[in-house]
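> Following this line is my_file05.cif, made up of mmCIF, C-alpha atoms:
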data_query
#
loop_
_atom_site.label_atom_id
_atom_site.label_comp_id
_atom_site.auth_asym_id
_atom_site.auth_seq_id
_atom_site.Cartn_x
_atom_site.Cartn_y
_atom_site.Cartn_z
CA MET A 1 182.39 154.22 90.22
CA ALA A 2 179.79 151.55 90.01
CA GLU A 3 178.20 151.26 86.61
CA GLU A 4 174.50 152.08 86.41
CA ALA A 5 172.19 149.28 85.34
CA VAL A 6 170.96 149.76 81.82
CA ILE A 7 167.52 148.43 80.91
CA PRO A 8 167.52 146.94 77.40
CA SER A 9 165.34 148.84 74.97
CA THR A 10 163.23 145.76 74.21
CA ALA A 11 162.44 145.24 77.91
CA SER A 12 161.60 148.92 78.30
CA GLU A 13 159.26 148.79 75.32
CA SER A 14 157.64 145.65 76.73
CA LEU A 15 156.98 147.38 80.08
CA GLU A 16 155.54 150.41 78.34
CA GLN A 17 153.28 148.19 76.26
CA GLN A 18 152.07 146.37 79.39
CA ASP A 19 151.35 149.68 81.14
CA GLU A 20 149.40 150.87 78.12
CA GLU A 21 147.35 147.66 77.96
CA PHE A 22 146.66 147.91 81.69
CA SER A 23 145.50 151.52 81.47
CA VAL A 24 142.95 150.84 78.71
CA ALA A 25 141.81 147.39 79.86
CA SER A 26 138.17 146.90 80.80
CA GLN A 27 137.05 145.80 84.26
CA TRP A 28 136.38 142.25 83.09
CA ARG A 29 139.80 141.98 81.45
CA LEU A 30 141.50 143.15 84.66
CA MET A 31 139.48 140.57 86.60
CA TRP A 32 140.60 137.84 84.19
CA TRP A 33 144.27 138.82 84.53
CA ARG A 34 144.05 138.63 88.30
CA PHE A 35 142.03 135.43 88.25
CA ARG A 36 144.65 133.65 86.11
CA ARG A 37 147.16 134.01 88.93
CA HIS A 38 144.92 132.00 91.26
CA LYS A 39 145.93 128.49 90.14
CA LEU A 40 143.69 126.64 92.57
CA ALA A 41 140.66 128.60 91.39
CA LEU A 42 141.54 127.83 87.76
CA ILE A 43 141.69 124.11 88.52
CA ALA A 44 138.37 124.33 90.38
CA GLY A 45 136.81 126.15 87.42
CA VAL A 46 137.96 123.42 85.03
CA ILE A 47 136.55 120.71 87.31
CA LEU A 48 133.18 122.46 87.53
CA ALA A 49 133.16 123.05 83.77
CA LEU A 50 133.62 119.30 83.24
CA PHE A 51 130.74 118.52 85.60
CA TYR A 52 128.42 120.99 83.87
CA ALA A 53 129.55 119.75 80.45
CA THR A 54 127.92 116.40 81.28
CA PHE A 55 124.45 118.03 81.43
CA PRO A 56 123.44 117.29 77.81
CA LEU A 57 125.60 114.15 77.67
CA SER A 58 124.42 112.32 80.80
CA GLU A 59 122.51 109.59 78.93
CA PHE A 60 125.12 109.38 76.16
CA ILE A 61 127.91 108.79 78.70
CA GLY A 62 125.70 106.53 80.84
CA ILE A 63 126.29 102.86 80.19
CA GLY A 64 123.05 101.23 81.31
CA ASP A 65 119.44 102.30 81.71
CA PRO A 66 119.39 104.02 85.14
CA ALA A 67 115.73 103.09 85.68
CA LEU A 68 116.05 99.41 84.74
CA ASN A 69 115.70 96.97 87.64
CA PHE A 70 117.82 93.86 87.15
CA THR A 71 117.65 92.06 90.48
CA LYS A 72 119.72 89.12 89.22
CA LEU A 73 122.76 91.39 89.62
CA SER A 74 121.75 93.37 92.70
CA PHE A 75 124.63 94.60 94.88
CA LEU A 76 127.21 93.67 92.27
CA ARG A 77 130.68 94.97 93.06
CA PRO A 78 132.29 97.51 90.70
CA GLN A 79 133.99 95.83 87.77
CA PRO A 80 136.90 97.50 86.00
CA ILE A 81 137.07 97.60 82.22
CA ARG A 82 140.12 95.71 80.98
CA PHE A 83 141.49 97.08 77.73
CA PHE A 84 144.13 94.44 76.98
CA ASP A 85 144.46 90.68 77.12
CA ASP A 86 146.85 88.11 75.67
CA SER A 87 145.68 88.93 72.15
CA GLY A 88 146.35 92.67 72.49
CA PHE A 89 143.84 95.53 72.61
CA ASN A 90 140.51 93.94 73.52
CA PRO A 91 138.23 96.01 75.81
CA HIS A 92 136.12 93.74 78.01
CA VAL A 93 134.83 92.96 81.47
CA ASN A 94 134.78 89.55 83.03
CA ALA A 95 131.49 87.74 83.35
CA VAL A 96 130.11 86.96 86.81
CA GLU A 97 128.08 84.13 88.25
CA SER A 98 125.92 84.14 91.36
CA TYR A 99 126.34 81.80 94.31
CA ARG A 100 125.13 81.47 97.90
CA ASP A 101 127.51 81.24 100.82
CA LYS A 102 127.09 77.85 102.51
CA VAL A 103 127.79 79.30 105.96
CA THR A 104 125.96 82.63 105.98
CA PHE A 105 123.51 81.78 103.16
CA LYS A 106 124.06 85.24 101.73
CA PRO A 107 124.06 85.61 97.95
CA GLY A 108 127.17 86.82 96.19
CA PHE A 109 128.98 86.93 92.89
CA ARG A 110 132.25 85.48 91.69
CA THR A 111 134.24 86.49 88.62
CA VAL A 112 134.47 84.05 85.71
CA GLU A 113 137.95 84.71 84.37
CA ASP A 114 137.56 82.62 81.23
CA GLU A 115 134.28 84.27 80.11
CA ARG A 116 134.59 87.82 78.82
CA VAL A 117 131.96 90.38 77.89
CA PRO A 118 133.20 92.52 74.96
CA VAL A 119 133.05 96.30 75.32
CA GLY A 120 132.58 98.64 72.37
CA PHE A 121 132.50 102.37 71.70
CA PHE A 122 129.51 104.25 70.25
CA VAL A 123 127.34 101.17 70.66
CA LYS A 124 123.55 100.87 70.55
CA THR A 125 121.91 99.86 73.82
CA TRP A 126 118.97 101.54 75.62
CA GLU A 127 116.94 104.32 74.03
CA TYR A 128 116.79 107.88 75.38
CA SER A 129 116.08 111.44 74.22
CA PHE A 130 119.27 113.39 73.50
CA LEU A 131 118.79 117.06 74.46
CA GLY A 132 115.22 116.16 75.35
CA PHE A 133 113.85 115.67 71.85
CA ILE A 134 116.26 113.61 69.69
CA LYS A 135 115.46 109.89 70.00
CA THR A 136 118.57 107.73 69.89
CA ASP A 137 120.09 104.61 71.41
CA ARG A 138 123.75 105.44 70.76
CA HIS A 139 126.11 105.52 73.75
CA LEU A 140 129.76 106.36 74.24
CA ILE A 141 130.63 102.97 75.66
CA GLY A 142 128.72 99.79 76.38
CA ILE A 143 128.32 96.07 75.72
CA SER A 144 128.88 95.46 72.04
CA ASP A 145 127.29 92.00 71.71
CA PRO A 146 123.44 92.08 71.83
CA ALA A 147 123.40 88.53 73.20
CA ASP A 148 125.33 89.70 76.29
CA LEU A 149 122.82 92.51 76.96
CA ALA A 150 120.19 89.95 77.93
CA LYS A 151 122.52 88.54 80.58
CA ARG A 152 123.71 91.89 81.99
CA PRO A 153 122.32 95.23 80.75
CA SER A 154 125.31 97.28 81.88
CA LEU A 155 129.04 97.12 82.61
CA TYR A 156 128.57 98.13 86.28
CA ILE A 157 131.89 99.96 86.55
CA LEU A 158 130.62 101.51 89.81
CA GLY A 159 128.60 98.49 90.86
CA SER A 160 124.83 98.15 91.27
CA ASP A 161 122.31 98.95 94.00
CA SER A 162 119.69 96.78 95.73
CA LEU A 163 117.57 96.68 92.56
CA GLY A 164 120.44 95.93 90.21
CA ARG A 165 120.47 99.44 88.70
CA ASP A 166 123.71 100.76 87.23
CA GLN A 167 125.28 103.17 89.73
CA PHE A 168 127.41 104.98 87.15
CA SER A 169 124.45 105.88 84.92
CA ARG A 170 122.42 107.00 87.93
CA LEU A 171 125.33 109.13 89.11
CA MET A 172 125.47 110.90 85.74
CA LEU A 173 121.79 111.83 85.95
CA SER A 174 122.16 112.83 89.62
CA THR A 175 124.88 115.30 88.67
CA ARG A 176 122.58 116.98 86.15
CA ILE A 177 119.60 117.28 88.50
CA SER A 178 121.43 118.31 91.67
CA LEU A 179 123.67 120.86 89.95
CA SER A 180 120.79 122.37 87.99
CA ILE A 181 118.79 122.82 91.20
CA GLY A 182 121.77 124.75 92.59
CA LEU A 183 121.93 127.04 89.55
CA VAL A 184 118.19 127.71 89.27
CA GLY A 185 117.78 128.16 93.01
CA VAL A 186 120.64 130.63 93.27
CA ALA A 187 119.35 132.56 90.24
CA ILE A 188 115.95 133.01 91.91
CA SER A 189 117.39 133.99 95.29
CA LEU A 190 119.90 136.32 93.60
CA ILE A 191 117.16 138.25 91.80
CA ILE A 192 115.03 138.54 94.95
CA GLY A 193 118.01 139.56 97.10
CA ILE A 194 119.30 142.20 94.69
CA VAL A 195 115.86 143.76 94.08
CA LEU A 196 114.73 143.87 97.72
CA GLY A 197 118.19 144.73 99.07
CA GLY A 198 118.59 147.50 96.49
CA ILE A 199 115.20 148.99 97.28
CA SER A 200 115.90 148.79 101.00
CA GLY A 201 119.29 150.49 100.77
CA PHE A 202 118.33 153.07 98.15
CA TYR A 203 115.13 154.39 99.73
CA GLY A 204 115.73 153.66 103.42
CA GLU A 205 113.28 154.84 106.09
CA LEU A 206 109.97 152.90 106.26
CA VAL A 207 110.71 150.70 103.24
CA ASP A 208 114.04 149.69 104.74
CA THR A 209 112.45 148.95 108.12
CA ILE A 210 109.79 146.66 106.63
CA ILE A 211 112.23 144.71 104.46
CA GLN A 212 114.75 144.30 107.29
CA ARG A 213 112.08 143.00 109.68
CA ILE A 214 111.06 140.43 107.05
CA ILE A 215 114.71 139.37 106.69
CA GLU A 216 115.07 139.02 110.46
CA ILE A 217 111.92 136.87 110.72
CA ILE A 218 113.10 134.58 107.92
CA GLY A 219 116.63 134.42 109.34
CA GLY A 220 115.32 133.51 112.79
CA VAL A 221 113.72 130.28 111.58
CA PRO A 222 116.03 127.22 111.49
CA THR A 223 116.72 126.41 107.85
CA LEU A 224 116.58 122.61 107.73
CA PRO A 225 113.37 122.15 109.77
CA LEU A 226 111.75 124.87 107.65
CA TRP A 227 112.79 123.12 104.44
CA MET A 228 111.54 119.81 105.80
CA GLY A 229 108.16 121.28 106.73
CA LEU A 230 107.62 122.91 103.36
CA SER A 231 108.84 119.84 101.46
CA ALA A 232 106.47 117.61 103.42
CA ALA A 233 103.61 119.86 102.24
CA VAL A 234 104.33 119.05 98.58
CA PRO A 235 101.50 116.76 97.36
CA GLN A 236 102.53 113.14 96.95
CA ASP A 237 100.78 112.82 93.59
CA TRP A 238 102.79 115.59 91.90
CA ALA A 239 104.84 114.70 88.84
CA VAL A 240 108.63 114.65 88.95
CA MET A 241 109.00 118.03 87.23
CA GLN A 242 106.48 119.64 89.58
CA VAL A 243 108.38 118.35 92.62
CA TYR A 244 111.65 119.51 91.02
CA PHE A 245 110.44 123.09 90.67
CA ALA A 246 108.82 123.02 94.12
CA ILE A 247 112.08 121.97 95.77
CA THR A 248 113.96 124.63 93.79
CA VAL A 249 111.59 127.36 94.96
CA ILE A 250 111.69 126.10 98.56
CA LEU A 251 115.49 126.21 98.58
CA SER A 252 115.69 129.67 96.98
CA ILE A 253 112.82 131.52 98.60
CA PHE A 254 114.64 131.56 101.94
CA GLY A 255 118.17 131.89 100.54
CA TRP A 256 118.02 135.52 99.44
CA THR A 257 118.41 137.21 102.82
CA GLY A 258 122.23 137.21 102.87
CA MET A 259 122.45 138.79 99.42
CA ALA A 260 119.80 141.37 100.37
CA ARG A 261 121.81 142.48 103.39
CA VAL A 262 125.00 142.86 101.34
CA VAL A 263 123.26 144.87 98.61
CA ARG A 264 121.50 147.06 101.19
CA GLY A 265 124.75 147.93 102.94
CA LYS A 266 126.50 148.77 99.68
CA PHE A 267 123.61 150.91 98.46
CA PHE A 268 123.69 152.85 101.73
CA GLN A 269 127.36 153.65 101.09
CA LEU A 270 127.00 154.51 97.42
CA ARG A 271 123.79 156.52 97.25
CA GLU A 272 125.55 159.75 98.24
CA GLU A 273 128.59 159.25 95.99
CA ASP A 274 129.42 161.79 93.27
CA PHE A 275 128.66 159.47 90.36
CA VAL A 276 125.20 158.77 91.80
CA MET A 277 124.48 162.46 92.22
CA SER A 278 125.70 163.09 88.67
CA ALA A 279 123.31 160.42 87.37
CA ARG A 280 120.44 162.07 89.25
CA ILE A 281 121.27 165.47 87.77
CA ALA A 282 121.51 163.94 84.28
CA GLY A 283 117.92 162.75 84.67
CA ALA A 284 118.55 159.01 85.05
CA SER A 285 115.65 157.03 86.50
CA GLU A 286 115.93 155.50 89.95
CA GLY A 287 115.95 151.98 88.50
CA ARG A 288 118.79 152.86 86.15
CA ILE A 289 120.78 154.46 88.97
CA MET A 290 120.37 151.38 91.17
CA PHE A 291 121.00 148.58 88.69
CA ILE A 292 123.16 150.21 86.00
CA HIS A 293 125.34 152.62 87.98
CA MET A 294 125.47 151.33 91.58
CA LEU A 295 125.18 147.57 91.27
CA PRO A 296 128.28 146.96 89.05
CA SER A 297 130.50 148.66 91.64
CA PHE A 298 130.39 145.64 93.96
CA TYR A 299 130.39 142.66 91.60
CA SER A 300 132.99 141.00 93.82
CA HIS A 301 130.50 140.58 96.67
CA ILE A 302 127.83 139.26 94.33
CA ILE A 303 130.26 136.76 92.77
CA ALA A 304 131.42 135.57 96.19
CA SER A 305 127.84 135.17 97.36
CA ILE A 306 126.87 133.17 94.26
CA SER A 307 129.88 130.86 94.55
CA LEU A 308 129.04 130.11 98.19
CA SER A 309 125.28 129.81 97.69
CA ILE A 310 125.33 127.19 94.93
CA PRO A 311 126.97 124.45 97.04
CA GLY A 312 124.58 125.36 99.86
CA MET A 313 121.65 124.72 97.53
CA ILE A 314 123.15 121.43 96.38
CA ILE A 315 123.67 120.27 99.95
CA GLY A 316 120.13 121.36 100.83
CA GLU A 317 118.62 119.30 98.02
CA THR A 318 120.84 116.35 98.92
CA ALA A 319 119.75 116.53 102.57
CA LEU A 320 116.04 116.76 101.74
CA SER A 321 116.18 113.90 99.24
CA PHE A 322 118.25 111.83 101.66
CA LEU A 323 115.55 112.30 104.31
CA GLY A 324 112.84 111.34 101.81
CA LEU A 325 111.36 114.86 101.63
CA GLY A 326 112.92 116.03 98.36
CA LEU A 327 112.83 114.50 94.92
CA ARG A 328 111.18 111.11 94.62
CA ALA A 329 111.61 108.13 92.33
CA PRO A 330 111.81 107.77 89.38
CA ALA A 331 113.86 110.99 89.65
CA VAL A 332 117.44 110.50 90.74
CA SER A 333 119.72 112.88 92.60
CA PHE A 334 122.65 112.77 95.00
CA GLY A 335 120.30 112.55 98.00
CA ILE A 336 118.19 109.77 96.48
CA MET A 337 121.29 107.72 95.74
CA LEU A 338 122.56 108.24 99.29
CA GLN A 339 119.31 106.84 100.68
CA GLU A 340 120.69 103.38 99.89
CA ALA A 341 123.53 104.10 102.31
CA GLN A 342 121.41 105.02 105.34
CA ASN A 343 121.89 101.63 106.95
CA PRO A 344 125.40 101.20 108.45
CA SER A 345 125.31 97.45 107.77
CA THR A 346 124.59 98.16 104.11
CA VAL A 347 127.59 100.48 103.93
CA ALA A 348 129.79 97.87 105.59
CA LEU A 349 128.74 95.17 103.11
CA TYR A 350 128.40 97.34 99.99
CA PRO A 351 130.74 100.34 100.42
CA TRP A 352 130.53 101.34 96.75
CA LEU A 353 127.06 102.78 97.46
CA MET A 354 128.85 105.64 99.26
CA PHE A 355 130.79 106.65 96.15
CA VAL A 356 128.15 109.26 95.33
CA ALA A 357 129.48 111.30 98.26
CA VAL A 358 132.77 111.80 96.40
CA PRO A 359 131.41 114.08 93.62
CA VAL A 360 129.38 116.01 96.23
CA ILE A 361 132.56 116.77 98.19
CA ILE A 362 134.51 117.64 95.03
CA ILE A 363 131.79 119.99 93.75
CA VAL A 364 131.40 121.82 97.05
CA LEU A 365 135.16 122.31 97.46
CA ALA A 366 135.53 123.40 93.82
CA PHE A 367 132.83 126.04 94.21
CA ASN A 368 134.52 127.41 97.32
CA PHE A 369 137.96 127.59 95.68
CA LEU A 370 136.46 129.15 92.56
CA GLY A 371 134.60 131.69 94.67
CA ASP A 372 137.79 132.68 96.50
CA GLY A 373 139.58 133.24 93.20
CA LEU A 374 136.74 135.26 91.68
CA ARG A 375 136.36 137.36 94.81
CA ASP A 376 140.05 138.19 94.89
CA ALA A 377 140.05 139.00 91.18
CA ALA A 378 137.02 141.28 91.42
CA ASP A 379 138.13 143.09 94.58
CA PRO A 380 140.25 146.10 93.57
CA TYR A 381 141.65 146.39 97.10
CA GLY A 382 142.54 142.69 97.52
#
Translate the structure described by the file into structure tokens.


Amino acid sequence: MAEEAVIPSTASESLEQQDEEFSVASQWRLMWWRFRRHKLALIAGVILALFYATFPLSEFIGIGDPALNFTKLSFLRPQPIRFFDDSGFNPHVNAVESYRDKVTFKPGFRTVEDERVPVGFFVKTWEYSFLGFIKTDRHLIGISDPADLAKRPSLYILGSDSLGRDQFSRLMLSTRISLSIGLVGVAISLIIGIVLGGISGFYGELVDTIIQRIIEIIGGVPTLPLWMGLSAAVPQDWAVMQVYFAITVILSIFGWTGMARVVRGKFFQLREEDFVMSARIAGASEGRIMFIHMLPSFYSHIIASISLSIPGMIIGETALSFLGLGLRAPAVSFGIMLQEAQNPSTVALYPWLMFVAVPVIIIVLAFNFLGDGLRDAADPYG
């Protein structure tokens, strides 16, 4: 007779403990347990966390003043930081000198191997406001010798543009502005979509008809031409912050329709459920029933919508700024930086100007992978 498999007592106790933890776990804890199994989403979340962590540190991490024009070093190629030389650990970049090609008469730069520009950590260079109100000139990395700052105000590890501005420092500020527009825009559209969609699905009848006709009218207008028309109406003399908020509102005011449709459909399904009827009998107000009892039951759809809407907002701002209808100088964003790369001949001669497209692609893909993981974790039937 075959012997029956015997489960060790420790393994049995471990399984019982896991079952007990599972039975008393909250909804958010269950979502976290399921989300941890989605490795790609975890990696995407870490990448996005690193991008958003640069928000308060953009100027501190930035090497050179992003608004400083230094035409003597315009279109300078990216220069790597060398950490070692014959003497050992000695962070530096090689100096450069300008020249003009005798055949094409185009200006260029050549590396001076024997002349080195020392690099230091936590150095004092250009002044900025940390967190918006703390004046400081301390930076994570930069040129340590003040005499060298007069010759080149930055290390140019990602090269320079047509005005000699440091591309790395501008990219750090672009990340802050473009990503914040995505967050603020989605927050506005999320609130509008949930409120109007909830009212439409909860009350139905005439209210539902009016709201749905509004959604259909907005959805029938092509998005990009509509954004372009509204952006062109923004006064040219507005300050940077005014244009920033105007672009945010423009991107969000027409981005709520998808969320409203999802919320409306869910409210139609849930308004006759037992827990909703019980809340009515208990005397709960209609607002409490909608947003406290019904709304949490489909967090997965809301999370998926948010994760997909943020990259859409970022791409929208990038497209408008690229076309010259979004943010304007001295502001800097992904779209403004890509304006330098509109000319194919410029891209062919100075390909490093296209590097700003890399973080855009990474951010959009990361949001999509993160959204997939969150949706699967929040969906109890996934």

> Determine the residue membership of the PyMOL selection byres ((chain A and resi 357) around 12) for the file above and supply it as a list in words.

Leu171, Ser174, Thr175, Ile315, Thr318, Ala319, Phe322, Ser333, Phe334, Gly335, Ile336, Met337, Leu338, Gln339, Glu340, Ala341, Pro351, Trp352, Leu353, Met354, Phe355, Val356, Val358, Pro359, Val360, Ile361, Ile362, Ile363 and Val364 of chain A

> Given the choices A:Ile281, A:Val234, A:Ala304, A:Val262, which gets closest to A:Asp372 if the distance is worked out from only C-alpha atoms?

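Ranked by minimum distance to A:Asp372, first place goes to A:Ala304.
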
> Translate the PyMOL selection byres ((chain A and resi 126) around 9) into a concrete residue list for this structure, as a list of chain:residue names.

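Selected by the PyMOL selection byres ((chain A and resi 126) around 9) in this file: A:Ile63, A:Gly64, A:Asp65, A:Lys124, A:Thr125, A:Glu127, A:Tyr128, A:Thr136, A:Asp137, A:Arg138, A:His139, A:Pro153.
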
> Expressed in Å to a single decimal, how great is the separation between atom CA of A:Leu40 and atom CA of A:Val263?

28.0 Å

> Pick the closest to A:Ile61 from A:Val249, A:Leu140, A:Ala329, A:Leu76: which is it, counting all atoms listed in the file?

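Among A:Val249, A:Leu140, A:Ala329, A:Leu76, it is A:Leu140 that comes nearest to A:Ile61.
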
> Grab the atom CA of A:Ala378 to atom CA of A:Arg34 distance for me, in Å with one decimal place.

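Atom CA of A:Arg34 lies at a distance of 8.1 Å from atom CA of A:Ala378.
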
> For this structure, which residues satisfy the selection - the PyMOL selection byres ((chain A and resi 78-91) around 9) - when it is evaluated on the file as given? I want them as a VMD selection string.

chain A and resid 76 to 77 92 to 94 117 to 120 155 to 160 352

> What is the distance between atom CA of A:Met277 and atom CA of A:Ile289, in Å to one decimal?

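Separation of atom CA of A:Met277 and atom CA of A:Ile289: 9.4 Å.
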
> Counting all atoms listed in the file, I want the residues whose atoms come within 9 Å of (122.1, 88.2, 91.9) in the file frame, returned as a VMD selection string.

chain A and resid 70 to 76 97 to 99 107 to 109 164

> Counting all atoms listed in the file, which of A:Leu230, A:Phe275, A:Asp166, A:Val123 gets nearest to A:Thr248?

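The answer is A:Leu230, which sits nearest to A:Thr248.
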
> So that I can check the surroundings of A:Trp238, please list as an NGL selection string every protein, DNA and RNA residue that reaches within 12 Å of it, counting only C-alpha atoms and ignoring chain neighbours fewer than 5 positions away.

:A and (233 or 243-247 or 327-329)

> At most 9 Å is the cut-off: for each residue in stretch 252-305 of chain A with any atom that close to an atom of stretch 206-226 of chain A, write down the nearest atom pair and the distance in Å rounded to one decimal, counting all atoms listed in the file, chain first then increasing number, as JSON lines.


{"residue": "A:Phe254", "atom": "CA", "partner": "A:Ile218", "partner_atom": "CA", "distance": 6.9}
{"residue": "A:Trp256", "atom": "CA", "partner": "A:Ile215", "partner_atom": "CA", "distance": 8.9}
{"residue": "A:Thr257", "atom": "CA", "partner": "A:Ile215", "partner_atom": "CA", "distance": 5.8}
{"residue": "A:Gly258", "atom": "CA", "partner": "A:Ile215", "partner_atom": "CA", "distance": 8.7}
{"residue": "A:Ala260", "atom": "CA", "partner": "A:Ile215", "partner_atom": "CA", "distance": 8.4}
{"residue": "A:Arg261", "atom": "CA", "partner": "A:Gln212", "partner_atom": "CA", "distance": 8.3}
{"residue": "A:Arg264", "atom": "CA", "partner": "A:Asp208", "partner_atom": "CA", "distance": 8.7}
